[in-house]
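**Q** Just input-v1.cif, nothing more (mmCIF, C-alpha atoms):
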data_target
#
loop_
_atom_site.label_atom_id
_atom_site.label_comp_id
_atom_site.auth_asym_id
_atom_site.auth_seq_id
_atom_site.Cartn_x
_atom_site.Cartn_y
_atom_site.Cartn_z
CA MET A 982 36.03 25.95 -12.18
CA SER A 983 33.45 23.18 -12.05
CA PRO A 984 30.23 23.73 -10.09
CA SER A 985 29.93 22.25 -6.63
CA PRO A 986 27.48 19.34 -6.15
CA SER A 987 24.95 21.70 -4.55
CA ASP A 988 25.04 23.95 -7.64
CA ARG A 989 24.35 21.14 -10.12
CA PRO A 990 20.75 20.52 -11.17
CA THR A 991 19.26 17.34 -9.79
CA ARG A 992 19.14 14.61 -12.43
CA PHE A 993 16.32 12.15 -11.90
CA ALA A 994 16.04 8.59 -13.12
CA VAL A 995 12.96 6.45 -12.71
CA VAL A 996 12.63 2.68 -12.90
CA GLY A 997 9.15 1.99 -14.20
CA ASN A 998 7.05 0.97 -17.17
CA PRO A 999 7.54 3.78 -19.73
CA GLU A 1000 3.96 3.61 -21.00
CA ASN A 1001 2.47 3.84 -17.51
CA ARG A 1002 0.72 7.00 -16.33
CA ARG A 1003 2.72 6.91 -13.09
CA VAL A 1004 5.93 7.44 -15.04
CA ALA A 1005 4.28 10.06 -17.26
CA LEU A 1006 2.97 12.04 -14.28
CA PHE A 1007 6.34 11.95 -12.52
CA ALA A 1008 8.19 12.99 -15.69
CA ALA A 1009 5.78 15.89 -16.19
CA ALA A 1010 6.36 17.05 -12.62
CA VAL A 1011 10.13 16.90 -13.14
CA ARG A 1012 9.87 19.07 -16.26
CA GLU A 1013 7.52 21.51 -14.52
CA ALA A 1014 10.18 21.90 -11.83
CA GLY A 1015 12.52 23.19 -14.54
CA LEU A 1016 14.71 20.09 -14.50
CA PRO A 1017 15.91 17.86 -17.32
CA ALA A 1018 13.51 15.06 -18.22
CA PRO A 1019 14.20 11.97 -16.11
CA ARG A 1020 15.97 8.97 -17.58
CA VAL A 1021 13.44 6.15 -17.70
CA VAL A 1022 14.78 2.65 -17.09
CA PRO A 1023 12.12 0.08 -18.04
CA TRP A 1024 11.38 -2.69 -15.57
CA LEU A 1025 11.47 -5.07 -18.53
CA ASP A 1026 15.12 -4.18 -19.16
CA VAL A 1027 15.99 -4.54 -15.47
CA LEU A 1028 14.44 -8.01 -15.32
CA ARG A 1029 15.96 -9.21 -18.60
CA ASP A 1030 19.41 -7.69 -18.04
CA GLY A 1031 19.73 -8.65 -14.39
CA GLY A 1032 19.89 -5.11 -13.05
CA ALA A 1033 20.74 -1.51 -13.84
CA ARG A 1034 23.46 0.93 -12.81
CA PHE A 1035 23.05 4.63 -12.09
CA SER A 1036 25.56 7.43 -11.94
CA ALA A 1037 26.42 9.17 -8.70
CA GLU A 1038 24.64 12.31 -9.98
CA GLU A 1039 21.30 10.57 -10.51
CA THR A 1040 18.47 10.57 -7.97
CA VAL A 1041 16.66 7.28 -8.52
CA ARG A 1042 12.94 6.68 -8.05
CA LEU A 1043 11.39 3.22 -8.18
CA ASP A 1044 7.85 3.10 -9.50
CA SER A 1045 5.33 0.29 -9.65
CA PRO A 1046 6.06 -2.57 -12.09
CA GLY A 1047 2.31 -3.10 -12.51
CA GLU A 1048 0.05 -2.79 -15.55
CA ASN A 1049 2.53 -4.22 -18.04
CA PRO A 1050 1.57 -7.75 -19.17
CA GLU A 1051 5.10 -8.88 -20.03
CA VAL A 1052 6.58 -7.57 -16.78
CA ASP A 1053 3.73 -9.21 -14.89
CA ARG A 1054 4.35 -12.50 -16.68
CA ILE A 1055 8.01 -12.49 -15.67
CA LEU A 1056 7.29 -11.54 -12.08
CA ARG A 1057 4.23 -13.70 -11.39
CA GLY A 1058 4.55 -16.46 -13.95
CA VAL A 1059 0.96 -16.12 -15.23
CA ASP A 1060 -0.24 -15.21 -18.70
CA ASP A 1061 -3.43 -13.40 -17.71
CA PRO A 1062 -2.93 -10.18 -15.68
CA ALA A 1063 -6.37 -10.70 -14.13
CA ARG A 1064 -5.20 -13.89 -12.40
CA VAL A 1065 -4.87 -13.64 -8.63
CA GLU A 1066 -2.29 -16.38 -8.09
CA GLY A 1067 1.46 -15.79 -8.22
CA SER A 1068 1.95 -13.05 -5.62
CA ALA A 1069 4.60 -15.01 -3.69
CA ARG A 1070 6.63 -15.47 -6.87
CA TRP A 1071 6.06 -11.76 -7.67
CA TYR A 1072 7.46 -10.84 -4.26
CA ARG A 1073 10.59 -12.96 -4.67
CA HIS A 1074 11.34 -11.64 -8.14
CA PHE A 1075 10.50 -8.00 -7.40
CA THR A 1076 12.55 -7.76 -4.21
CA ALA A 1077 15.45 -9.52 -5.94
CA ALA A 1078 15.22 -7.07 -8.86
CA ALA A 1079 15.25 -4.10 -6.47
CA ARG A 1080 18.56 -5.37 -5.08
CA THR A 1081 20.13 -5.45 -8.55
CA LEU A 1082 19.90 -1.66 -8.92
CA THR A 1083 23.21 -0.04 -8.05
CA GLY A 1084 24.56 3.48 -7.82
CA GLY A 1085 22.76 6.78 -7.69
CA ARG A 1086 20.92 8.35 -4.79
CA ARG A 1087 17.95 6.09 -4.08
CA LEU A 1088 14.60 7.40 -2.86
CA ASP A 1089 13.77 3.98 -1.49
CA ASP A 1090 15.57 1.13 0.24
CA ALA A 1091 15.51 -2.50 -0.95
CA THR A 1092 15.37 -3.87 2.59
CA GLU A 1093 12.44 -1.63 3.50
CA LEU A 1094 10.65 -2.54 0.28
CA ALA A 1095 10.87 -6.20 1.30
CA VAL A 1096 9.02 -5.34 4.52
CA LEU A 1097 6.49 -3.02 2.90
CA PHE A 1098 5.47 -5.73 0.44
CA ASP A 1099 4.96 -8.37 3.13
CA LYS A 1100 1.86 -7.49 5.14
CA ARG A 1101 2.86 -9.87 7.93
CA ARG A 1102 6.26 -8.27 8.42
CA CYS A 1103 5.00 -4.71 7.93
CA HIS A 1104 2.22 -5.21 10.48
CA ALA A 1105 4.73 -6.53 13.02
CA VAL A 1106 7.11 -3.58 12.46
CA LEU A 1107 4.29 -1.08 12.98
CA ARG A 1108 3.03 -2.87 16.08
CA GLU A 1109 6.49 -2.99 17.66
CA ALA A 1110 6.86 0.75 17.03
CA GLY A 1111 3.61 1.45 18.88
CA VAL A 1112 1.65 2.40 15.77
CA PRO A 1113 -2.02 1.39 16.22
CA VAL A 1114 -2.90 -1.52 13.93
CA PRO A 1115 -5.75 -4.04 13.82
CA ALA A 1116 -5.04 -7.14 15.87
CA SER A 1117 -3.52 -9.97 13.86
CA PRO A 1118 -2.48 -13.53 14.74
CA THR A 1119 -0.36 -13.85 11.58
CA SER A 1120 2.14 -11.00 11.89
CA GLY A 1121 5.73 -11.38 12.99
CA PRO A 1122 8.33 -14.16 12.67
CA ASP A 1123 6.69 -16.46 15.22
CA ALA A 1124 3.20 -16.32 13.70
CA PRO A 1125 1.62 -19.63 12.69
CA PRO A 1126 1.37 -20.42 8.98
CA VAL A 1127 -2.01 -20.26 7.28
CA ARG A 1128 -2.19 -23.38 5.13
CA GLY A 1129 -5.83 -23.03 4.15
CA TRP A 1130 -9.39 -22.47 5.27
CA ASP A 1131 -9.17 -24.82 8.25
CA ASP A 1132 -6.36 -22.68 9.70
CA VAL A 1133 -8.37 -19.50 9.07
CA ARG A 1134 -11.35 -20.92 10.95
CA THR A 1135 -9.13 -22.04 13.82
CA LEU A 1136 -7.41 -18.66 14.17
CA MET A 1137 -10.73 -16.80 14.08
CA ARG A 1138 -12.06 -19.00 16.87
CA GLU A 1139 -8.95 -19.06 19.04
CA HIS A 1140 -8.43 -15.29 18.85
CA GLY A 1141 -12.06 -14.30 19.23
CA MET A 1142 -12.32 -12.72 15.80
CA PRO A 1143 -15.80 -13.25 14.34
CA ARG A 1144 -15.08 -10.75 11.54
CA VAL A 1145 -11.72 -10.61 9.74
CA PHE A 1146 -10.01 -9.47 6.60
CA LEU A 1147 -8.09 -12.26 4.90
CA LYS A 1148 -5.36 -10.83 2.66
CA LEU A 1149 -2.62 -12.09 0.41
CA ALA A 1150 0.63 -11.42 2.24
CA HIS A 1151 2.11 -9.84 -0.90
CA GLY A 1152 -1.08 -8.59 -2.53
CA SER A 1153 -2.04 -5.08 -3.61
CA SER A 1154 -5.11 -3.20 -4.87
CA ALA A 1155 -7.40 -5.54 -2.88
CA SER A 1156 -6.31 -8.51 -4.99
CA GLY A 1157 -7.35 -11.69 -3.21
CA VAL A 1158 -8.88 -9.90 -0.20
CA LEU A 1159 -11.86 -11.53 1.54
CA ALA A 1160 -13.91 -9.73 4.18
CA ILE A 1161 -15.20 -12.66 6.24
CA GLU A 1162 -18.05 -12.67 8.76
CA SER A 1163 -19.08 -15.57 10.97
CA ALA A 1164 -22.61 -15.98 12.30
CA SER A 1165 -24.52 -18.26 14.61
CA GLY A 1166 -24.78 -21.87 13.61
CA GLY A 1167 -21.24 -21.93 12.21
CA ARG A 1168 -22.22 -20.04 9.07
CA PHE A 1169 -19.82 -17.75 7.16
CA ARG A 1170 -20.14 -14.98 4.60
CA ALA A 1171 -17.34 -13.47 2.51
CA THR A 1172 -17.27 -10.31 0.41
CA THR A 1173 -14.54 -10.28 -2.24
CA SER A 1174 -13.61 -9.26 -5.76
CA VAL A 1175 -12.21 -12.74 -6.42
CA GLU A 1176 -13.99 -14.79 -9.06
CA ARG A 1177 -13.33 -18.55 -9.21
CA ALA A 1178 -13.43 -20.17 -12.62
CA GLY A 1179 -14.80 -23.63 -13.25
CA ASP A 1180 -11.30 -25.09 -13.33
CA GLY A 1181 -10.46 -23.54 -9.94
CA ARG A 1182 -8.33 -20.65 -11.18
CA LEU A 1183 -8.89 -17.29 -9.47
CA PHE A 1184 -9.43 -13.97 -11.24
CA ASN A 1185 -9.76 -10.39 -10.04
CA SER A 1186 -13.04 -8.76 -10.92
CA LEU A 1187 -14.20 -5.15 -10.82
CA HIS A 1188 -17.43 -6.32 -9.22
CA LEU A 1189 -17.71 -7.39 -5.60
CA ARG A 1190 -19.54 -10.60 -4.85
CA ARG A 1191 -20.80 -12.24 -1.68
CA HIS A 1192 -20.37 -15.92 -0.89
CA ASP A 1193 -22.59 -17.60 1.70
CA ASP A 1194 -21.45 -21.11 0.81
CA GLU A 1195 -18.56 -22.07 3.08
CA ARG A 1196 -17.33 -24.56 0.51
CA GLU A 1197 -16.82 -21.73 -1.97
CA ILE A 1198 -15.03 -19.58 0.64
CA ALA A 1199 -12.83 -22.54 1.58
CA ALA A 1200 -11.96 -23.22 -2.07
CA VAL A 1201 -10.79 -19.63 -2.56
CA ALA A 1202 -8.78 -19.58 0.71
CA ASP A 1203 -7.16 -22.95 -0.03
CA THR A 1204 -6.12 -21.76 -3.52
CA LEU A 1205 -4.65 -18.53 -2.14
CA ALA A 1206 -2.81 -20.14 0.79
CA PRO A 1207 0.38 -21.21 -1.07
CA ASP A 1208 1.04 -17.51 -1.82
CA GLY A 1209 0.91 -16.64 1.90
CA LEU A 1210 -2.04 -15.27 3.86
CA HIS A 1211 -2.42 -12.56 6.48
CA LEU A 1212 -5.36 -12.28 8.86
CA GLU A 1213 -6.54 -9.06 10.57
CA ARG A 1214 -9.43 -8.19 12.83
CA TRP A 1215 -12.14 -6.37 10.89
CA VAL A 1216 -12.36 -2.94 12.53
CA PRO A 1217 -15.87 -1.47 12.00
CA LYS A 1218 -15.18 1.80 10.22
CA ALA A 1219 -16.73 5.21 10.72
CA ALA A 1220 -19.04 6.61 8.07
CA VAL A 1221 -19.45 9.83 6.09
CA ASP A 1222 -22.87 10.51 4.58
CA GLY A 1223 -23.95 6.96 5.28
CA ARG A 1224 -20.91 5.37 3.60
CA THR A 1225 -18.06 3.67 5.46
CA CYS A 1226 -14.74 5.34 4.88
CA ASP A 1227 -11.01 5.26 5.32
CA LEU A 1228 -8.20 7.61 4.31
CA ARG A 1229 -5.16 7.30 2.09
CA VAL A 1230 -2.54 9.67 3.49
CA VAL A 1231 0.65 10.30 1.54
CA VAL A 1232 3.70 11.00 3.68
CA VAL A 1233 6.70 12.62 1.98
CA ALA A 1234 9.99 13.04 3.85
CA GLY A 1235 8.25 12.49 7.15
CA ARG A 1236 5.36 14.92 6.62
CA ALA A 1237 1.77 14.03 5.81
CA THR A 1238 1.30 16.08 2.65
CA HIS A 1239 -1.79 14.72 0.86
CA ALA A 1240 -4.94 12.91 1.94
CA VAL A 1241 -7.97 11.49 0.19
CA VAL A 1242 -11.10 10.04 1.77
CA ARG A 1243 -12.38 6.79 0.25
CA THR A 1244 -15.99 5.82 0.88
CA SER A 1245 -18.03 2.75 0.06
CA ARG A 1246 -21.20 0.84 0.86
CA SER A 1247 -19.13 -2.35 0.99
CA PRO A 1248 -16.28 -3.40 3.29
CA LEU A 1249 -13.74 -2.59 0.54
CA THR A 1250 -13.21 1.11 -0.22
CA ASN A 1251 -10.83 0.77 -3.18
CA LEU A 1252 -11.87 3.22 -5.87
CA HIS A 1253 -11.61 0.66 -8.69
CA LEU A 1254 -14.11 -1.55 -6.82
CA GLY A 1255 -16.84 1.06 -6.67
CA GLY A 1256 -15.48 3.22 -3.88
CA GLU A 1257 -15.80 6.98 -4.20
CA ARG A 1258 -13.77 9.95 -3.04
CA GLY A 1259 -15.28 11.52 0.04
CA ASP A 1260 -15.20 14.97 1.57
CA LEU A 1261 -12.14 15.64 3.71
CA ALA A 1262 -13.89 18.62 5.29
CA ALA A 1263 -16.67 16.30 6.46
CA VAL A 1264 -14.07 14.04 8.07
CA ARG A 1265 -12.51 17.02 9.82
CA THR A 1266 -15.91 18.05 11.13
CA ALA A 1267 -16.67 14.53 12.39
CA VAL A 1268 -13.31 14.22 14.14
CA GLU A 1269 -13.64 17.61 15.82
CA ALA A 1270 -17.23 16.86 16.87
CA ALA A 1271 -15.89 13.74 18.59
CA GLY A 1272 -13.36 15.85 20.48
CA GLY A 1273 -10.38 15.02 18.31
CA ASP A 1274 -7.97 16.86 16.04
CA VAL A 1275 -7.12 15.93 12.45
CA ALA A 1276 -3.49 16.76 13.25
CA ASP A 1277 -3.41 13.69 15.50
CA LEU A 1278 -4.60 11.51 12.63
CA LEU A 1279 -1.82 12.81 10.43
CA ALA A 1280 0.67 12.23 13.24
CA VAL A 1281 -0.30 8.54 13.33
CA CYS A 1282 0.46 8.30 9.61
CA GLU A 1283 3.79 10.05 10.10
CA ARG A 1284 4.69 7.62 12.87
CA ALA A 1285 3.93 4.75 10.50
CA ALA A 1286 6.10 6.28 7.78
CA ALA A 1287 8.92 6.83 10.28
CA CYS A 1288 9.25 3.04 10.51
CA PHE A 1289 10.72 3.26 6.99
CA PRO A 1290 13.21 6.14 7.26
CA ARG A 1291 15.06 5.35 4.01
CA THR A 1292 11.91 5.49 1.87
CA LEU A 1293 11.05 9.03 0.82
CA CYS A 1294 7.34 8.53 0.20
CA VAL A 1295 4.68 6.06 1.36
CA GLY A 1296 0.90 5.94 1.25
CA VAL A 1297 -0.69 5.10 4.60
CA ASP A 1298 -4.17 3.61 4.79
CA LEU A 1299 -5.79 4.94 7.95
CA LEU A 1300 -8.90 3.24 9.34
CA PRO A 1301 -11.20 5.40 11.52
CA ALA A 1302 -13.24 3.33 13.96
CA VAL A 1303 -16.92 4.03 14.55
CA GLY A 1304 -17.19 7.17 16.68
CA TRP A 1305 -14.14 8.90 15.15
CA ARG A 1306 -12.08 8.62 18.34
CA ARG A 1307 -9.89 5.63 17.52
CA PHE A 1308 -7.78 4.90 14.46
CA ALA A 1309 -5.60 2.13 13.07
CA VAL A 1310 -3.13 1.86 10.22
CA GLY A 1311 -4.34 -0.81 7.82
CA GLU A 1312 -1.38 -0.80 5.44
CA VAL A 1313 1.67 1.19 4.38
CA ASN A 1314 2.09 1.27 0.60
CA ALA A 1315 5.39 1.84 -1.19
CA PHE A 1316 3.54 2.93 -4.35
CA GLY A 1317 0.66 4.74 -2.70
CA ASP A 1318 1.12 8.15 -4.30
CA LEU A 1319 -1.04 7.87 -7.42
CA LEU A 1320 -3.53 10.62 -6.61
CA PRO A 1321 -3.74 12.70 -9.81
CA ARG A 1322 -4.51 16.41 -9.48
CA LEU A 1323 -4.68 16.25 -5.67
CA THR A 1324 -2.72 19.11 -4.08
CA GLY A 1325 -1.15 19.30 -0.65
CA LEU A 1326 -2.90 19.74 2.67
CA PRO A 1327 -2.96 23.21 4.27
CA GLY A 1328 0.06 23.60 6.53
CA SER A 1329 1.83 20.59 5.02
CA GLY A 1330 4.39 22.58 3.09
CA ALA A 1331 3.07 20.99 -0.12
CA GLU A 1332 0.24 23.43 -0.80
CA GLY A 1333 -0.35 23.71 -4.54
CA LEU A 1334 1.83 20.67 -5.27
CA ASP A 1335 0.69 17.22 -6.34
CA THR A 1336 2.28 14.13 -4.79
CA TYR A 1337 5.02 13.97 -7.42
CA ALA A 1338 5.97 17.63 -7.21
CA ALA A 1339 6.15 17.32 -3.42
CA GLN A 1340 8.56 14.39 -3.73
CA ILE A 1341 10.72 16.18 -6.28
CA ARG A 1342 11.07 19.17 -3.98
CA ALA A 1343 11.86 16.94 -0.99
CA ALA A 1344 14.42 14.96 -2.98
CA ARG A 1345 16.16 18.12 -4.18
CA HIS A 1346 16.30 19.41 -0.62
CA ALA A 1347 17.68 16.09 0.65
CA ALA A 1348 20.35 16.10 -2.06
CA THR A 1349 21.85 19.31 -0.63
CA SER A 1350 21.13 18.67 3.04
CA PRO A 1351 22.90 16.36 5.48
CA ALA A 1352 19.62 15.76 7.31
CA PRO A 1353 17.95 12.35 6.92
CA PRO A 1354 15.02 12.22 4.48
CA HIS A 1355 12.38 11.92 7.22
CA SER A 1356 11.61 14.77 9.54
CA THR A 1357 10.26 14.30 13.05
CA ARG A 1358 7.33 16.69 12.75
CA ASN A 1359 4.48 15.51 14.97
CA LEU A 1360 6.18 12.17 15.64
CA HIS A 1361 6.06 12.88 19.37
CA ALA A 1362 2.66 14.55 19.35
CA PRO A 1363 -0.11 12.85 21.33
CA ALA A 1364 -1.18 9.88 19.25
CA ALA A 1365 -4.72 9.13 18.22
CA THR A 1366 -6.17 6.27 20.23
CA ALA A 1367 -5.67 2.81 18.82
CA ALA A 1368 -8.53 1.02 17.16
CA PRO A 1369 -10.17 -1.82 19.09
CA ARG A 1370 -8.29 -5.09 19.05
#
Written as structure tokens, how would this file's structure read?

**A**
Amino acid sequence: MSPSPSDRPTRFAVVGNPENRRVALFAAAVREAGLPAPRVVPWLDVLRDGGARFSAEETVRLDSPGENPEVDRILRGVDDPARVEGSARWYRHFTAAARTLTGGRRLDDATELAVLFDKRRCHAVLREAGVPVPASPTSGPDAPPVRGWDDVRTLMREHGMPRVFLKLAHGSSASGVLAIESASGGRFRATTSVERAGDGRLFNSLHLRRHDDEREIAAVADTLAPDGLHLERWVPKAAVDGRTCDLRVVVVAGRATHAVVRTSRSPLTNLHLGGERGDLAAVRTAVEAAGGDVADLLAVCERAAACFPRTLCVGVDLLPAVGWRRFAVGEVNAFGDLLPRLTGLPGSGAEGLDTYAAQIRAARHAATSPAPPHSTRNLHAPAATAAPR
């Protein structure tokens, strides 16, 4: 007598770059769960072969195609991984590749991935669902195109936005982001990690720079525009120990399981750009001193994740406004779970588990349960107040 499906061990497969630490960390978590090592399907094979097929018994995880020069060359069409340009081509090729994967039990959804990797569409979905987000004139199907710096200036003026974040619509890891401030006399300042070469090509740098010359800002914006641009109001963020901060909150199967505080002395808190991990206890103290409850913050992140019910795990970037009473979701990241050695929040159900172990447990539960992958815990709890628009 053959075992029933619920008695069979879960077999995982992961689409990723085999040499990448993301794949290594996930594979280690699978083995630590007492399961067979996952089958690794390289992104390079998927792109060259035109797809991949999985058996009905396999639970399939998609991981980031980043940090592999050859994969990056195929997706973006550039030879130097440090180049900024090519994100629109990356988006077309990546979303098309996600649709070529067939069979298995997927932990993501190709249609949702297409929204998650378009900041304009994702912002509009969150806004329509009542999730607090920074105001944006470029989100949704009826938004005007941003063809270059002149359009950015016009939108800032017409929408009363003296301070904005200008982002690549399909960018990640702060690639191509400019934090722009306008001042009296028509002057502008931009903070960015983008470095413009003498021939006009753009490169990502690990060092932030400030531009006070509008011609330089315009040159960067005009070069980025063909890849698609998204504009958001710059929400002044709260601070911890004199450093502005935001939170990356990982939501697994509908529950906020892990959170890390990112702090910086610059507008960009990304850890690879000089940001540092902050103290979550200090955030809790600040929120409670302002009359709030951290549970409400987590509920906002869960509401954001609920907009993508067929994606098991997302990383939500939560922006606390000055005063710790209002919050906004900056982004929802499909590959936002790379937080090595971080264990689950108290009361999350993921205590003692890292982000990968939490997903493995949730996926195994979903494989034997008729319930949808997202729960509704806290989704109807009183929401934290929206950030200023």

**Q** Can you work out the spacing between atom CA of A:Asp1335 and atom CA of A:Arg1020 in Å, to one decimal?

**A** 20.7 Å

**Q** Taking into account all atoms listed in the file, which residue in the set A:Arg1138, A:Arg1087, A:Arg1246, A:Lys1148 is nearest to A:Val995?

**A**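 For A:Val995, the nearest of the given residues is A:Arg1087.
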
**Q** So that I can check the surroundings of stretch 1262-1265 of chain A, please list as a JSON list (two decimals) with C-alpha atoms, in the coordinates of the input every protein, DNA and RNA residue that reaches within 12 Å of it, counting all atoms listed in the file and ignoring chain neighbours fewer than 4 positions away.

**A**
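Contents of the output file around.json:
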[["chain", "number", "residue", "atom", "x", "y", "z"],
["A", 1219, "ALA", "CA", -16.73, 5.21, 10.72],
["A", 1220, "ALA", "CA", -19.04, 6.61, 8.07],
["A", 1221, "VAL", "CA", -19.45, 9.83, 6.09],
["A", 1222, "ASP", "CA", -22.87, 10.51, 4.58],
["A", 1223, "GLY", "CA", -23.95, 6.96, 5.28],
["A", 1224, "ARG", "CA", -20.91, 5.37, 3.60],
["A", 1225, "THR", "CA", -18.06, 3.67, 5.46],
["A", 1226, "CYS", "CA", -14.74, 5.34, 4.88],
["A", 1227, "ASP", "CA", -11.01, 5.26, 5.32],
["A", 1228, "LEU", "CA", -8.20, 7.61, 4.31],
["A", 1240, "ALA", "CA", -4.94, 12.91, 1.94],
["A", 1241, "VAL", "CA", -7.97, 11.49, 0.19],
["A", 1242, "VAL", "CA", -11.10, 10.04, 1.77],
["A", 1243, "ARG", "CA", -12.38, 6.79, 0.25],
["A", 1244, "THR", "CA", -15.99, 5.82, 0.88],
["A", 1258, "ARG", "CA", -13.77, 9.95, -3.04],
["A", 1269, "GLU", "CA", -13.64, 17.61, 15.82],
["A", 1270, "ALA", "CA", -17.23, 16.86, 16.87],
["A", 1271, "ALA", "CA", -15.89, 13.74, 18.59],
["A", 1272, "GLY", "CA", -13.36, 15.85, 20.48],
["A", 1273, "GLY", "CA", -10.38, 15.02, 18.31],
["A", 1274, "ASP", "CA", -7.97, 16.86, 16.04],
["A", 1275, "VAL", "CA", -7.12, 15.93, 12.45],
["A", 1276, "ALA", "CA", -3.49, 16.76, 13.25],
["A", 1277, "ASP", "CA", -3.41, 13.69, 15.50],
["A", 1278, "LEU", "CA", -4.60, 11.51, 12.63],
["A", 1279, "LEU", "CA", -1.82, 12.81, 10.43],
["A", 1301, "PRO", "CA", -11.20, 5.40, 11.52],
["A", 1304, "GLY", "CA", -17.19, 7.17, 16.68],
["A", 1305, "TRP", "CA", -14.14, 8.90, 15.15],
["A", 1306, "ARG", "CA", -12.08, 8.62, 18.34],
["A", 1326, "LEU", "CA", -2.90, 19.74, 2.67],
["A", 1327, "PRO", "CA", -2.96, 23.21, 4.27]]

**Q** Here's the selection I'm unsure about, the PyMOL selection byres ((chain A and resi 1122) around 12); applied to the file above, which residues does it give, as a compact mmCIF listing (two decimals) with C-alpha atoms, keeping the file's coordinate frame?

**A**
# COMPACT_ATOMS: atom_id res chain seq x y z
CA ASP A 1099 4.96 -8.37 3.13
CA LYS A 1100 1.86 -7.49 5.14
CA ARG A 1101 2.86 -9.87 7.93
CA ARG A 1102 6.26 -8.27 8.42
CA CYS A 1103 5.00 -4.71 7.93
CA HIS A 1104 2.22 -5.21 10.48
CA ALA A 1105 4.73 -6.53 13.02
CA VAL A 1106 7.11 -3.58 12.46
CA PRO A 1118 -2.48 -13.53 14.74
CA THR A 1119 -0.36 -13.85 11.58
CA SER A 1120 2.14 -11.00 11.89
CA GLY A 1121 5.73 -11.38 12.99
CA ASP A 1123 6.69 -16.46 15.22
CA ALA A 1124 3.20 -16.32 13.70
CA PRO A 1125 1.62 -19.63 12.69
CA PRO A 1126 1.37 -20.42 8.98

**Q** Run the PyMOL selection byres ((chain A and resi 1077) around 12) on the file and write out the hits as a PDB file with C-alpha atoms, in the frame of the given file.

**A**
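Result went into selection.pdb, see below:
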ATOM      1  CA  VAL A1027      15.990  -4.540 -15.470  1.00  0.00           C
ATOM      2  CA  LEU A1028      14.440  -8.010 -15.320  1.00  0.00           C
ATOM      3  CA  GLY A1031      19.730  -8.650 -14.390  1.00  0.00           C
ATOM      4  CA  GLY A1032      19.890  -5.110 -13.050  1.00  0.00           C
ATOM      5  CA  LEU A1056       7.290 -11.540 -12.080  1.00  0.00           C
ATOM      6  CA  ARG A1070       6.630 -15.470  -6.870  1.00  0.00           C
ATOM      7  CA  TRP A1071       6.060 -11.760  -7.670  1.00  0.00           C
ATOM      8  CA  TYR A1072       7.460 -10.840  -4.260  1.00  0.00           C
ATOM      9  CA  ARG A1073      10.590 -12.960  -4.670  1.00  0.00           C
ATOM     10  CA  HIS A1074      11.340 -11.640  -8.140  1.00  0.00           C
ATOM     11  CA  PHE A1075      10.500  -8.000  -7.400  1.00  0.00           C
ATOM     12  CA  THR A1076      12.550  -7.760  -4.210  1.00  0.00           C
ATOM     13  CA  ALA A1078      15.220  -7.070  -8.860  1.00  0.00           C
ATOM     14  CA  ALA A1079      15.250  -4.100  -6.470  1.00  0.00           C
ATOM     15  CA  ARG A1080      18.560  -5.370  -5.080  1.00  0.00           C
ATOM     16  CA  THR A1081      20.130  -5.450  -8.550  1.00  0.00           C
ATOM     17  CA  LEU A1082      19.900  -1.660  -8.920  1.00  0.00           C
ATOM     18  CA  ALA A1091      15.510  -2.500  -0.950  1.00  0.00           C
ATOM     19  CA  THR A1092      15.370  -3.870   2.590  1.00  0.00           C
ATOM     20  CA  LEU A1094      10.650  -2.540   0.280  1.00  0.00           C
ATOM     21  CA  ALA A1095      10.870  -6.200   1.300  1.00  0.00           C
TER      22      ALA A1095
END

**Q** Please, what is the axis-aligned box for every listed atom of stretch 1151-1163 of chain A with 5 Å on each side, as centre and edge lengths in Å to one decimal, as JSON?

**A**
{"center_x": -8.5, "center_y": -9.4, "center_z": 3.0, "size_x": 31.2, "size_y": 22.4, "size_z": 26.0}

**Q** Report the closest atom pair, with its distance in Å rounded to one decimal, for each residue of stretch 1020-1124 of chain A that has an atom no farther than 12 Å from stretch 1197-1206 of chain A; count only C-alpha atoms, sort by chain and then rising residue number, and write it as a tab-separated table.

**A**
residue	atom	partner	partner_atom	distance
A:Arg1064	CA	A:Leu1205	CA	11.3
A:Val1065	CA	A:Leu1205	CA	8.1
A:Glu1066	CA	A:Leu1205	CA	6.8
A:Gly1067	CA	A:Leu1205	CA	9.0
A:Ser1068	CA	A:Leu1205	CA	9.3
A:Ala1069	CA	A:Leu1205	CA	10.0

**Q** Specify as a PyMOL selection string each residue included when the PyMOL selection byres ((chain A and resi 1049-1052) around 12) is applied to this file.

**A** chain A and resi 997-1002+1023-1029+1045-1048+1053-1064+1071+1074-1075+1078

**Q** Counting all atoms listed in the file, what is within 6 Å of A:Val1175, bar same-chain residues fewer than 5 positions away, as a PyMOL selection string?

**A** chain A and resi 1157+1184-1185

**Q** Just C-alpha atoms for this one: save the residues we selected as a CSV table (one decimal), in the frame of the given file.

**A**
chain,number,residue,atom,x,y,z
A,1157,GLY,CA,-7.4,-11.7,-3.2
A,1184,PHE,CA,-9.4,-14.0,-11.2
A,1185,ASN,CA,-9.8,-10.4,-10.0

**Q** Which of these, A:Ala1344, A:Ala1018, A:Ala1237, A:Leu1043, has the shortest distance to A:Arg1003 once you count only C-alpha atoms?

**A**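 The shortest atom-to-atom distance to A:Arg1003 comes from A:Leu1043.
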
**Q** Could you state the separation of atom CA of A:Gly1333 and atom CA of A:Asp1090 in Å, given to one decimal place?

**A**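 Computing it gives 28.0 Å between the two atoms.
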
**Q** Which residue is closest to A:Arg1236? Choose from A:Arg1108, A:Arg1214, A:Arg1134, A:Arg1284 and count all atoms listed in the file.

**A** A:Arg1284

**Q** State, in Å with one decimal place, the distance from atom CA of A:Gly1152 to atom CA of A:Ala1110.

**A** 23.1 Å
